[in-house]
Each structure stands twice: as C-alpha cells, then as structure tokens.
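To be precise, the following lines are structure-v3.csv, and they hold CSV, C-alpha atoms.
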```
chain,number,residue,atom,x,y,z
A,1,MET,CA,118.5,114.7,125.9
A,2,HIS,CA,118.0,115.0,122.2
A,3,LYS,CA,116.3,118.1,120.8
A,4,LYS,CA,113.9,118.4,117.9
A,5,ALA,CA,113.2,121.7,116.3
A,6,LEU,CA,109.5,121.5,116.0
A,7,ARG,CA,107.4,124.6,115.2
A,8,ARG,CA,104.3,125.3,117.3
A,9,VAL,CA,100.8,124.8,115.9
A,10,GLU,CA,99.9,127.5,113.4
A,11,ILE,CA,96.3,128.7,113.1
A,12,LYS,CA,96.1,129.4,109.3
A,13,ASN,CA,92.4,130.3,109.2
A,14,ALA,CA,90.3,130.4,112.3
A,15,ASP,CA,87.0,130.8,110.5
A,16,ARG,CA,87.7,127.7,108.4
A,17,GLY,CA,89.4,125.7,111.2
A,18,GLU,CA,92.7,125.4,109.3
A,19,ILE,CA,95.9,124.6,111.0
A,20,ALA,CA,99.5,123.5,110.3
A,21,ALA,CA,101.2,121.3,112.9
A,22,VAL,CA,104.6,119.6,112.9
A,23,PHE,CA,104.2,116.0,114.1
A,24,SER,CA,107.5,114.4,113.3
A,25,THR,CA,111.2,115.3,112.9
A,26,PHE,CA,113.5,113.2,110.8
A,27,ASP,CA,116.7,111.4,111.6
A,28,VAL,CA,116.4,111.8,115.4
A,29,VAL,CA,116.5,108.9,117.9
A,30,ASP,CA,113.3,108.7,120.0
A,31,HIS,CA,112.6,107.0,123.3
A,32,ASP,CA,111.5,103.8,121.5
A,33,GLY,CA,114.9,103.6,119.9
A,34,ASP,CA,113.4,104.5,116.5
A,35,VAL,CA,114.9,106.8,113.8
A,36,THR,CA,112.3,108.0,111.2
A,37,ARG,CA,113.7,108.8,107.8
A,38,ARG,CA,112.3,111.6,105.5
A,39,SER,CA,111.4,108.9,102.9
A,40,ALA,CA,109.0,107.3,105.4
A,41,PHE,CA,106.3,109.8,104.7
A,42,GLN,CA,104.4,110.4,101.4
A,43,ASP,CA,104.1,114.0,100.6
A,44,GLY,CA,100.5,115.0,100.0
A,45,ALA,CA,99.1,111.8,101.5
A,46,PRO,CA,95.5,112.3,102.9
A,47,VAL,CA,95.1,111.8,106.7
A,48,LEU,CA,92.3,112.1,109.2
A,49,ILE,CA,92.5,114.2,112.4
A,50,SER,CA,91.5,112.0,115.3
A,51,ALA,CA,89.4,113.0,118.3
A,52,PHE,CA,91.5,114.2,121.3
A,53,ASN,CA,94.1,111.7,122.6
A,54,HIS,CA,93.6,109.3,119.6
A,55,ALA,CA,90.0,108.6,120.8
A,56,SER,CA,88.9,107.7,117.3
A,57,TRP,CA,90.6,104.4,117.8
A,58,GLU,CA,88.0,103.7,120.4
A,59,GLY,CA,85.1,104.8,118.2
A,60,ALA,CA,84.9,108.6,118.6
A,61,LEU,CA,84.2,110.4,115.3
A,62,PRO,CA,87.2,112.0,113.5
A,63,VAL,CA,87.3,115.8,114.0
A,64,GLY,CA,88.9,116.8,110.7
A,65,LYS,CA,91.1,115.9,107.8
A,66,GLY,CA,94.2,117.1,106.0
A,67,VAL,CA,97.3,116.2,104.0
A,68,ILE,CA,100.9,115.5,105.0
A,69,ARG,CA,103.5,118.0,103.8
A,70,VAL,CA,107.1,116.7,103.9
A,71,THR,CA,109.8,119.3,104.3
A,72,GLU,CA,113.5,118.7,104.6
A,73,LYS,CA,113.5,118.0,108.3
A,74,GLU,CA,109.8,117.6,109.3
A,75,ALA,CA,106.5,116.1,108.6
A,76,VAL,CA,103.7,118.7,108.8
A,77,LEU,CA,99.9,118.3,109.0
A,78,ASP,CA,98.1,120.8,106.8
A,79,GLY,CA,94.6,120.2,108.3
A,80,GLN,CA,91.1,121.5,108.5
A,81,PHE,CA,88.7,120.7,111.3
A,82,PHE,CA,85.1,119.8,110.6
A,83,MET,CA,83.7,123.2,111.6
A,84,ASN,CA,80.2,122.2,110.7
A,85,THR,CA,80.1,119.6,113.4
A,86,THR,CA,80.1,120.1,117.2
A,87,HIS,CA,83.0,117.8,117.9
A,88,GLY,CA,85.1,119.3,115.1
A,89,ARG,CA,84.5,122.8,116.1
A,90,ASP,CA,85.0,122.2,119.9
A,91,THR,CA,88.3,120.4,119.2
A,92,PHE,CA,89.5,123.3,117.0
A,93,GLU,CA,88.6,125.9,119.7
A,94,THR,CA,90.5,123.8,122.3
A,95,VAL,CA,93.6,123.5,120.1
A,96,LYS,CA,93.5,127.3,119.4
A,97,GLU,CA,93.1,128.2,123.1
A,98,ALA,CA,95.8,125.8,124.2
A,99,GLY,CA,98.3,127.5,121.9
A,100,GLU,CA,101.9,126.6,122.7
A,101,LEU,CA,100.8,124.1,125.3
A,102,GLN,CA,99.1,121.9,122.6
A,103,GLU,CA,100.9,118.8,121.5
A,104,PHE,CA,100.3,116.4,118.6
A,105,SER,CA,100.8,112.7,117.9
A,106,TYR,CA,100.3,110.5,114.9
A,107,GLY,CA,99.2,106.9,114.3
A,108,PHE,CA,100.8,104.8,111.6
A,109,THR,CA,101.5,101.4,110.3
A,110,ILE,CA,105.1,100.5,109.4
A,111,THR,CA,105.6,99.4,105.8
A,112,ASP,CA,109.5,99.3,105.8
A,113,SER,CA,112.1,99.3,108.5
A,114,GLU,CA,115.5,97.8,109.3
A,115,PRO,CA,117.9,97.6,112.2
A,116,GLY,CA,120.6,100.2,112.5
A,117,GLU,CA,123.1,101.9,114.8
A,118,VAL,CA,123.4,105.5,116.0
A,119,GLU,CA,126.2,106.6,118.4
A,120,GLY,CA,126.9,103.0,119.3
A,121,LYS,CA,123.2,102.2,120.2
A,122,SER,CA,121.0,99.8,118.3
A,123,VAL,CA,118.0,101.5,116.8
A,124,ARG,CA,115.1,100.6,114.4
A,125,VAL,CA,115.3,102.7,111.3
A,126,ILE,CA,111.8,103.4,110.0
A,127,LYS,CA,111.9,103.8,106.2
A,128,GLY,CA,108.3,103.6,105.3
A,129,VAL,CA,105.0,104.3,107.1
A,130,LYS,CA,101.3,104.8,106.3
A,131,VAL,CA,99.9,107.5,108.5
A,132,THR,CA,96.4,106.7,109.6
A,133,GLU,CA,95.6,109.8,111.7
A,134,VAL,CA,97.1,112.8,113.5
A,135,SER,CA,95.7,113.7,116.9
A,136,PRO,CA,95.9,116.5,119.5
A,137,VAL,CA,97.0,115.1,122.8
A,138,LEU,CA,97.7,116.1,126.4
A,139,MET,CA,101.3,114.9,126.1
A,140,GLY,CA,102.8,113.0,123.2
A,141,ALA,CA,104.3,109.6,123.9
A,142,GLY,CA,105.9,106.8,122.0
A,143,ILE,CA,103.2,104.2,122.4
A,144,GLY,CA,101.3,101.5,120.4
A,145,THR,CA,102.4,98.3,118.7
A,146,ARG,CA,104.7,97.1,116.0
A,147,THR,CA,102.0,97.7,113.4
A,148,LEU,CA,100.4,100.7,115.1
A,149,ALA,CA,102.5,103.4,116.7
A,150,LEU,CA,101.6,106.8,118.1
A,151,LYS,CA,104.4,109.3,118.3
A,152,GLY,CA,104.3,112.6,119.9
A,153,HIS,CA,106.5,115.6,120.8
A,154,LYS,CA,106.3,118.8,122.8
A,155,GLN,CA,105.7,122.0,120.9
A,156,ASP,CA,109.1,123.3,121.8
A,157,GLY,CA,110.6,120.4,120.0
A,158,SER,CA,112.1,118.4,122.9
A,159,LEU,CA,111.6,114.7,123.5
A,160,MET,CA,110.1,113.7,126.9
A,161,ASP,CA,112.4,112.6,129.6
A,162,ASP,CA,111.6,109.5,131.7
A,163,ASP,CA,109.6,111.3,134.3
A,164,GLU,CA,107.4,113.0,131.7
A,165,LYS,CA,107.0,109.7,129.8
A,166,SER,CA,105.8,108.1,133.1
A,167,ALA,CA,103.3,110.9,133.7
A,168,VAL,CA,101.4,110.0,130.5
A,169,ILE,CA,101.4,106.2,130.9
A,170,PRO,CA,98.0,106.0,132.7
A,171,ALA,CA,96.4,107.7,129.7
A,172,ILE,CA,97.8,105.1,127.2
A,173,ARG,CA,97.5,101.9,129.2
A,174,ARG,CA,94.6,99.7,130.2
A,175,ALA,CA,92.6,98.4,127.1
A,176,ILE,CA,94.8,98.3,124.0
A,177,PRO,CA,93.2,99.5,120.8
A,178,ALA,CA,92.6,96.8,118.2
A,179,HIS,CA,94.5,96.7,114.9
A,180,GLU,CA,94.1,94.8,111.7
A,181,THR,CA,96.1,91.6,111.4
A,182,GLU,CA,95.9,88.1,110.0
A,183,THR,CA,93.8,85.6,111.9
A,184,VAL,CA,94.3,81.9,112.5
A,185,THR,CA,92.2,79.1,114.2
A,186,ARG,CA,95.0,76.7,115.1
A,187,SER,CA,95.5,75.3,118.6
A,188,TRP,CA,96.1,77.9,121.3
A,189,ASN,CA,98.4,77.6,124.3
A,190,SER,CA,98.3,80.8,126.3
A,191,ALA,CA,101.0,79.8,128.8
A,192,ALA,CA,103.4,78.6,126.1
A,193,THR,CA,102.8,81.7,124.0
A,194,THR,CA,103.5,84.0,126.9
A,195,LYS,CA,106.6,82.1,128.0
A,196,ALA,CA,108.0,82.3,124.4
A,197,LEU,CA,107.9,86.1,124.3
A,198,PRO,CA,111.3,87.7,124.5
A,199,GLU,CA,112.2,88.9,128.0
A,200,GLN,CA,113.5,92.2,126.6
A,201,ALA,CA,110.4,92.8,124.5
A,202,ARG,CA,109.5,96.5,124.4
A,203,PRO,CA,106.1,97.8,125.5
A,204,SER,CA,105.3,98.6,121.8
A,205,GLU,CA,106.0,94.9,121.0
A,206,LEU,CA,104.1,93.4,123.9
A,207,ARG,CA,101.0,95.5,122.9
A,208,THR,CA,100.9,93.4,119.7
A,209,VAL,CA,100.2,90.3,121.7
A,210,TYR,CA,97.7,91.4,124.4
A,211,ALA,CA,94.4,93.3,124.8
A,212,TRP,CA,95.0,94.9,128.2
A,213,VAL,CA,97.9,96.3,130.3
A,214,ASP,CA,97.8,97.1,134.0
A,215,PRO,CA,97.8,100.9,134.6
A,216,ASP,CA,99.8,100.4,137.8
A,217,GLY,CA,102.2,97.8,136.4
A,218,ASP,CA,105.6,98.0,134.7
A,219,PRO,CA,104.9,98.2,130.9
A,220,GLU,CA,108.1,96.4,130.2
A,221,MET,CA,107.1,93.3,132.2
A,222,LYS,CA,104.9,90.6,130.6
A,223,SER,CA,103.2,90.1,133.9
A,224,SER,CA,101.6,93.5,133.5
A,225,TYR,CA,99.6,92.3,130.5
A,226,GLN,CA,96.4,90.2,130.1
A,227,PHE,CA,94.3,88.6,127.4
A,228,PRO,CA,97.1,87.3,125.1
A,229,HIS,CA,95.6,86.3,121.8
A,230,HIS,CA,98.4,86.7,119.2
A,231,HIS,CA,101.1,84.2,118.2
A,232,GLY,CA,104.2,86.1,119.3
A,233,VAL,CA,105.2,89.7,118.7
A,234,GLY,CA,103.4,91.0,115.6
A,235,GLY,CA,101.9,87.6,115.0
A,236,PRO,CA,98.4,86.7,113.8
A,237,ALA,CA,95.4,86.8,116.1
A,238,ASN,CA,94.2,83.4,117.2
A,239,LEU,CA,90.4,83.2,117.0
A,240,ARG,CA,90.1,80.5,119.6
A,241,ALA,CA,92.0,82.8,122.1
A,242,CYS,CA,89.7,85.7,121.2
A,243,LEU,CA,86.6,83.5,121.9
A,244,GLN,CA,88.2,82.3,125.2
A,245,GLY,CA,88.9,85.9,126.1
A,246,ILE,CA,85.3,87.0,125.6
A,247,ALA,CA,84.1,84.0,127.6
A,248,THR,CA,86.4,85.2,130.4
A,249,LEU,CA,84.9,88.6,130.2
A,250,ASN,CA,81.5,87.0,130.5
A,251,GLY,CA,82.6,85.3,133.8
A,252,ALA,CA,83.6,81.8,132.6
A,253,SER,CA,86.8,81.7,134.7
A,254,GLY,CA,85.7,83.7,137.8
A,255,ASP,CA,87.7,86.8,138.5
A,256,LEU,CA,88.4,88.9,135.4
A,257,GLY,CA,91.6,90.4,136.7
A,258,ILE,CA,90.8,93.7,135.2
A,259,PRO,CA,88.5,96.6,136.2
A,260,GLU,CA,84.8,96.3,135.3
A,261,GLU,CA,85.0,99.6,133.3
A,262,ASP,CA,87.6,98.0,131.0
A,263,ARG,CA,85.5,95.0,130.0
A,264,GLU,CA,83.8,96.7,127.0
A,265,ALA,CA,87.0,98.1,125.5
A,266,VAL,CA,88.8,94.7,125.8
A,267,TYR,CA,85.7,93.0,124.3
A,268,LYS,CA,85.8,95.4,121.3
A,269,HIS,CA,89.5,94.5,120.7
A,270,LEU,CA,88.9,90.8,120.8
A,271,SER,CA,85.6,90.9,118.8
A,272,ALA,CA,87.2,93.1,116.1
A,273,HIS,CA,89.5,90.2,115.2
A,274,LEU,CA,86.5,87.8,114.9
A,275,LEU,CA,84.7,90.3,112.7
A,276,ASP,CA,87.8,90.6,110.5
A,277,ALA,CA,87.5,86.8,110.0
A,278,ASP,CA,83.8,87.1,109.2
A,279,ARG,CA,82.8,85.4,112.5
A,280,GLU,CA,80.0,86.8,114.7
A,281,PRO,CA,81.4,87.4,118.2
A,282,PRO,CA,79.5,86.4,121.3
A,283,LYS,CA,77.7,89.2,123.0
A,284,LEU,CA,79.2,90.9,126.0
A,285,ARG,CA,76.8,90.0,128.8
A,286,THR,CA,75.7,92.5,131.5
A,287,ALA,CA,74.7,91.5,135.0
A,288,GLU,CA,71.1,91.6,133.9
A,289,GLY,CA,71.9,89.7,130.7
A,290,ALA,CA,73.5,86.8,132.6
A,291,LYS,CA,70.0,85.7,133.8
A,292,GLY,CA,68.1,83.0,131.8
A,293,ARG,CA,69.3,80.2,129.6
A,294,LYS,CA,72.4,80.8,127.5
A,295,ARG,CA,72.6,80.1,123.8
A,296,PHE,CA,74.2,76.7,123.0
A,297,ASN,CA,77.0,78.4,121.1
A,298,ASP,CA,77.9,80.8,124.0
A,299,GLU,CA,77.8,77.9,126.4
A,300,ALA,CA,80.2,75.9,124.2
A,301,ILE,CA,82.6,78.8,124.1
A,302,GLU,CA,82.6,79.1,127.8
A,303,VAL,CA,83.3,75.4,128.2
A,304,MET,CA,86.2,75.8,125.7
A,305,ALA,CA,87.5,78.6,127.8
A,306,GLY,CA,87.1,76.6,131.0
A,307,VAL,CA,88.9,73.6,129.5
A,308,ALA,CA,91.8,75.8,128.4
A,309,HIS,CA,92.0,77.3,131.8
A,310,LEU,CA,91.9,73.9,133.4
A,311,ILE,CA,94.7,72.6,131.2
A,312,ASP,CA,96.9,75.6,132.2
A,313,ARG,CA,96.2,75.0,135.9
A,314,ALA,CA,96.8,71.3,135.6
A,315,THR,CA,100.2,72.0,133.9
A,316,GLU,CA,101.1,74.3,136.8
A,317,VAL,CA,100.0,71.8,139.5
A,318,VAL,CA,101.8,68.9,137.8
A,319,ALA,CA,105.0,71.0,137.6
A,320,LEU,CA,104.8,72.1,141.2
A,321,ARG,CA,104.1,68.5,142.5
A,322,ALA,CA,107.0,67.2,140.4
A,323,GLN,CA,109.3,69.6,142.1
A,324,LYS,CA,108.4,68.0,145.4
A,325,GLY,CA,108.8,64.5,144.0
A,326,ARG,CA,105.1,63.9,143.9
A,327,GLY,CA,102.6,63.0,141.2
A,328,MET,CA,99.0,63.9,140.6
A,329,SER,CA,96.5,62.7,143.2
A,330,PRO,CA,94.3,59.8,142.3
A,331,ALA,CA,91.1,61.8,142.7
A,332,THR,CA,92.4,64.6,140.4
A,333,ALA,CA,93.5,62.0,137.9
A,334,ASP,CA,90.0,60.5,137.9
A,335,LEU,CA,88.4,63.8,137.3
A,336,LEU,CA,90.6,64.6,134.3
A,337,SER,CA,90.1,61.2,132.8
A,338,TRP,CA,86.3,61.6,133.1
A,339,LEU,CA,86.6,65.0,131.4
A,340,GLU,CA,88.7,63.4,128.6
A,341,GLY,CA,85.9,60.8,128.2
A,342,ASP,CA,83.3,63.5,127.8
A,343,LEU,CA,85.4,65.2,125.2
A,344,VAL,CA,85.8,61.9,123.3
A,345,ARG,CA,82.0,61.7,123.2
A,346,LEU,CA,81.8,65.3,121.9
A,347,LYS,CA,84.3,64.3,119.1
A,348,SER,CA,82.0,61.4,118.1
A,349,LEU,CA,79.2,63.9,117.6
A,350,LEU,CA,81.4,66.0,115.2
A,351,GLU,CA,82.3,62.8,113.3
A,352,THR,CA,78.6,62.0,112.7
A,353,PRO,CA,77.7,62.6,109.0
A,354,VAL,CA,75.6,65.7,108.4
A,355,ASP,CA,73.0,66.0,105.6
A,356,GLU,CA,74.3,68.9,103.6
A,357,ASP,CA,70.9,69.8,102.3
A,358,LYS,CA,69.3,69.8,105.7
A,359,PRO,CA,71.9,70.0,108.5
A,360,ASP,CA,70.8,68.5,111.8
A,361,GLU,CA,71.2,70.2,115.1
A,362,PRO,CA,72.5,68.2,118.1
A,363,SER,CA,69.7,66.8,120.1
A,364,ASP,CA,68.9,68.2,123.6
A,365,ASP,CA,70.0,65.0,125.1
A,366,ASP,CA,73.4,65.2,123.3
A,367,ILE,CA,73.9,68.8,124.4
A,368,ALA,CA,72.9,68.1,128.0
A,369,SER,CA,75.0,65.0,128.4
A,370,THR,CA,78.1,66.3,126.7
A,371,VAL,CA,78.5,70.0,127.2
A,372,LEU,CA,76.9,70.3,130.6
A,373,ALA,CA,78.7,67.3,131.9
A,374,ALA,CA,82.0,68.7,130.8
A,375,LEU,CA,81.2,72.1,132.3
A,376,ALA,CA,80.2,70.5,135.6
A,377,ARG,CA,83.5,68.6,135.7
A,378,VAL,CA,85.5,71.8,135.0
A,379,ASN,CA,83.6,73.8,137.7
A,380,GLY,CA,83.9,70.9,140.1
A,381,LEU,CA,87.7,70.9,140.1
```
Write the structure described by the file as structure tokens, please.
Amino acid sequence: MHKKALRRVEIKNADRGEIAAVFSTFDVVDHDGDVTRRSAFQDGAPVLISAFNHASWEGALPVGKGVIRVTEKEAVLDGQFFMNTTHGRDTFETVKEAGELQEFSYGFTITDSEPGEVEGKSVRVIKGVKVTEVSPVLMGAGIGTRTLALKGHKQDGSLMDDDEKSAVIPAIRRAIPAHETETVTRSWNSAATTKALPEQARPSELRTVYAWVDPDGDPEMKSSYQFPHHHGVGGPANLRACLQGIATLNGASGDLGIPEEDREAVYKHLSAHLLDADREPPKLRTAEGAKGRKRFNDEAIEVMAGVAHLIDRATEVVALRAQKGRGMSPATADLLSWLEGDLVRLKSLLETPVDEDKPDEPSDDDIASTVLAALARVNGL
C-alpha cells in the first residue's frame, strides 16, 4: 500500500470558521491509476467548499469558500465556512468535532493529462486540473468521470485498500451527477453505443456515459449501468437519448429498472444536458400527474422512446431467431411494416411547407391518426 503524508485538518480560527485541509498529495499513484503532478494545481485559485459528501452537485448550497495553496508536496485548502448561514455553521461544527476522523475530497475537471508508467504499471499522469469544489466526506474515494473526479484520502495520509474502497461505494453510486459537456442531436443507437464501450473501461470512464449505476452491481461491469446517453467515454451527450431517458422515467417503457427514489436525480442529470442546449425538458410526472391528457410534445417523446425500444428488441429477436435458423414471423413482420407506414405518414407532415410568419400546428386528425396509431402499434407488440 502506498502512503501519503497528509496533515490533519487544522482549525485556524473557530470563531471565523477558518480551516486548512490537505486534499491532494503529488506524484503518488492512486487507486484509479492516476498520478497528479504539482503543476496540476494553480496556487491561489478560488474554490467553493461543497456541502457534505459533495452534496452541492445535487443542488445543496455550498457551505464555504477558500483558495488553493500549493506546497512542494501537497495541495491545501485554506478555507472559511459561511458562519452566517445555518448550513455553513453546522458543517464547520461537524468538521471541528470530527477532528482526526474527518476526511476531505475534491472535485475537478482535467485540463491536461498523458499516459505514463510507474514501477512497470500504466498510469494516467494528470498535469492540469480546474478544481471546482472541496468537500468534507465520510470516506474519500476515487470516483467520478473523465471530466469530473472526486479524490479523497484519510487524514493519516494513507490510501484506501480494496475493502475500504468497497465500503464507500453505496454512497457514491446510484444516480450519477450531471456534468457539462457538448451536446448533439444525431441518430442514437443505445445498444450499439453500449456494445462499443471498451470491456476494460474503468468506473470513472463508464460514469461519463450513463446516468445511473446499480448500488449492488459491479462498478466495472457495463451491465451495472443504465440510461446511456453519451457517445462513448467522454463523448458528447445525445439529446435524443436524454429525451428517451426522461420518457422512460415517465413510464414509456414499463419497468424503470431503477428504484423510485432515484427517478428525480436521474431526471436532473438528463434534463441538465437539455437545458445546456437551450431546450426545455419534459416534466417528470408523478403518479397524480399521469392522469389527464398529455401534451402533444410529451406524447411524441414517449412514442420516440417506444420506437427506439422496439427497434432494440426487434434487433435482439431477429438475432436470436437467426441463431436457430429461423426468420421473423409473418405476424411480427406485418406489425413492423404497418409501423413503418405510419412513420412515413409522419414524415410527410414534416415535409409540408410551413408559413414562417404564421406557423401552423398539426391538426387534431393528423395527431390522432399518426402519433396515436404509432403508439398503439408499439404497445401492441
């Protein structure tokens, strides 16, 4: 086990809520296979102090602010909690009372890195980062994504062993926090995107693709993740995939496959990408909100999600039947051809010229005959 000589948190001024906390040691291999250089940090850079366990990524208010002080071997937070607020004062008192048991992590985006080798092992050398926040945590862990990582260490300076790392996993799994990234609207193929992911992809890389990870699954297995919406590791977010994911959260494809209590957090992740692209996300419906007539736009999104799901299922069925030397049944082929015909009718609506000065809405007959017919066929399969 590698050791890191990290100092404990130092209370500089209890009345003012001032602390100094070491949150990174340089030139040491961590459990993600990363080595962080001293040059990665900007001395004097301002940084927020996040709510406990990085909760500010989920919307909790920051509890303080500070600056980064770079020494020869360590990155140190010189911070001050917001003592004039309840959440800032409570967090400071907790950190103070926890004393040597308290640990810290930091969130950052990588601006410069390169592959390297240390003691015969391949590592990623992190040469530049932009630290977004530093947070008190129950136990630090190497988590996050390619663009967002949260690194943590014990106050005695040691890295966690595998058992300790496993102990913290339930706190860092489930809904994955959103992060800023490019967005695209090109065609989306969920099955192909998942299949193309490297089998040896690290958890930190898989988190750049999905919005949720199973708290009881293996974080190194693609099957533990759901709601893919990025084109590959570190790739842009696909807005179609985000809309389809929200439709799934609203019940478009039956069983969600995730706990009910995680719906809102996954929704916030997917909708954040839509908002970044200046698109208004559909609302997350509650059981009460599901009653009544849906908006046309929401209904169209659900149909799109249903068609995408149907295509994935049809691909699976065709592949399985081909293994047995059989083709698609005539009844199924008829249903799919009818759906194709309805989608052709929808395309003809889109090709109808629109008066730019006074755009026309599709008529009720068009909506009923096109969208509802397609939805009925999808649900009927």
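Among the candidates A:Asn189, A:Thr332, A:Thr94, A:Thr109, the one nearest to Thr132 in chain A when counting only C-alpha atoms is A:Thr109.
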Worksheet item: Which residue, A:Ser329, A:Ser204, A:Thr85, A:Thr315, has the smallest gap to Ala191 in chain A when you use all atoms listed in the file?
Response: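 Of A:Ser329, A:Ser204, A:Thr85, A:Thr315, the one nearest Ala191 in chain A is A:Thr315, counting all atoms listed in the file.
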With 6 Å added on each side, what axis-aligned box encloses every listed atom of range 213-229 of chain A? Give the centre and edge lengths in Å to one decimal, as lines of an AutoDock Vina configuration file.
```
center_x = 101.2
center_y = 93.6
center_z = 129.8
size_x = 25.8
size_y = 26.6
size_z = 28.0
```
Worksheet entry | Residue nearest Pro136 in chain A - candidates A:Glu351, A:Asp278, A:Glu103, A:Glu72, atoms counted: all atoms listed in the file | A:Glu103
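For the pair CA of Arg321 in chain A and CA of Ala192 in chain A, the separation is 19.3 Å.
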Practice prompt. Show which residues sit within 10 Å of range 75-80 of chain A, as a PyMOL selection string. Count only C-alpha atoms, and ignore same-chain residues fewer than 2 positions away.
Written response: chain A and resi 6-7+9-14+16-26+38+40-49+63-73+82-83+88+92+104+106+133-134
Worksheet item: Using only C-alpha atoms, which residues sit within 12 Å of Val317 in chain A once same-chain residues fewer than 4 positions away are excluded, as a VMD selection string?
Response: chain A and resid 310 to 313 321 to 324 326 to 329 332 to 333
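The space between CA of Val137 in chain A and CA of Gln102 in chain A spans 7.1 Å.
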Worksheet item: At what distance in Å, to one decimal, does CA of Asn238 in chain A lie from CA of Leu346 in chain A?
Response: 22.4 Å
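Closest approach to Ile126 in chain A from the set A:Ala308, A:Val29, A:Ala175, A:Ala201 is made by A:Val29, with distances taken over all atoms listed in the file.
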Would you mind putting N, CA and C atoms back on range 305-319 of chain A and writing the result as a PDB file, keeping the file's coordinate frame?
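Contents of selection-v3.pdb, as written:
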```pdb
ATOM      1  N   ALA A 305      86.689  77.769 127.011  1.00  0.00           N
ATOM      2  CA  ALA A 305      87.500  78.600 127.800  1.00  0.00           C
ATOM      3  C   ALA A 305      87.865  77.941 129.166  1.00  0.00           C
ATOM      4  N   GLY A 306      86.859  77.264 129.734  1.00  0.00           N
ATOM      5  CA  GLY A 306      87.100  76.600 131.000  1.00  0.00           C
ATOM      6  C   GLY A 306      88.079  75.430 130.858  1.00  0.00           C
ATOM      7  N   VAL A 307      87.958  74.686 129.771  1.00  0.00           N
ATOM      8  CA  VAL A 307      88.900  73.600 129.500  1.00  0.00           C
ATOM      9  C   VAL A 307      90.318  74.106 129.340  1.00  0.00           C
ATOM     10  N   ALA A 308      90.443  75.200 128.570  1.00  0.00           N
ATOM     11  CA  ALA A 308      91.800  75.800 128.400  1.00  0.00           C
ATOM     12  C   ALA A 308      92.379  76.246 129.675  1.00  0.00           C
ATOM     13  N   HIS A 309      91.542  76.880 130.520  1.00  0.00           N
ATOM     14  CA  HIS A 309      92.000  77.300 131.800  1.00  0.00           C
ATOM     15  C   HIS A 309      92.412  76.138 132.695  1.00  0.00           C
ATOM     16  N   LEU A 310      91.615  75.087 132.624  1.00  0.00           N
ATOM     17  CA  LEU A 310      91.900  73.900 133.400  1.00  0.00           C
ATOM     18  C   LEU A 310      93.229  73.253 132.998  1.00  0.00           C
ATOM     19  N   ILE A 311      93.479  73.215 131.691  1.00  0.00           N
ATOM     20  CA  ILE A 311      94.700  72.600 131.200  1.00  0.00           C
ATOM     21  C   ILE A 311      95.921  73.446 131.712  1.00  0.00           C
ATOM     22  N   ASP A 312      95.803  74.779 131.668  1.00  0.00           N
ATOM     23  CA  ASP A 312      96.900  75.600 132.200  1.00  0.00           C
ATOM     24  C   ASP A 312      97.120  75.376 133.668  1.00  0.00           C
ATOM     25  N   ARG A 313      96.027  75.276 134.425  1.00  0.00           N
ATOM     26  CA  ARG A 313      96.200  75.000 135.900  1.00  0.00           C
ATOM     27  C   ARG A 313      96.728  73.658 136.136  1.00  0.00           C
ATOM     28  N   ALA A 314      96.281  72.661 135.376  1.00  0.00           N
ATOM     29  CA  ALA A 314      96.800  71.300 135.600  1.00  0.00           C
ATOM     30  C   ALA A 314      98.296  71.256 135.269  1.00  0.00           C
ATOM     31  N   THR A 315      98.726  71.989 134.253  1.00  0.00           N
ATOM     32  CA  THR A 315     100.200  72.000 133.900  1.00  0.00           C
ATOM     33  C   THR A 315     100.948  72.630 135.086  1.00  0.00           C
ATOM     34  N   GLU A 316     100.417  73.700 135.695  1.00  0.00           N
ATOM     35  CA  GLU A 316     101.100  74.300 136.800  1.00  0.00           C
ATOM     36  C   GLU A 316     101.154  73.348 138.019  1.00  0.00           C
ATOM     37  N   VAL A 317     100.019  72.703 138.305  1.00  0.00           N
ATOM     38  CA  VAL A 317     100.000  71.800 139.500  1.00  0.00           C
ATOM     39  C   VAL A 317     100.921  70.620 139.274  1.00  0.00           C
ATOM     40  N   VAL A 318     100.923  70.026 138.081  1.00  0.00           N
ATOM     41  CA  VAL A 318     101.800  68.900 137.800  1.00  0.00           C
ATOM     42  C   VAL A 318     103.277  69.315 137.992  1.00  0.00           C
ATOM     43  N   ALA A 319     103.633  70.509 137.487  1.00  0.00           N
ATOM     44  CA  ALA A 319     105.000  71.000 137.600  1.00  0.00           C
ATOM     45  C   ALA A 319     105.396  71.225 139.058  1.00  0.00           C
TER      46      ALA A 319
END
```
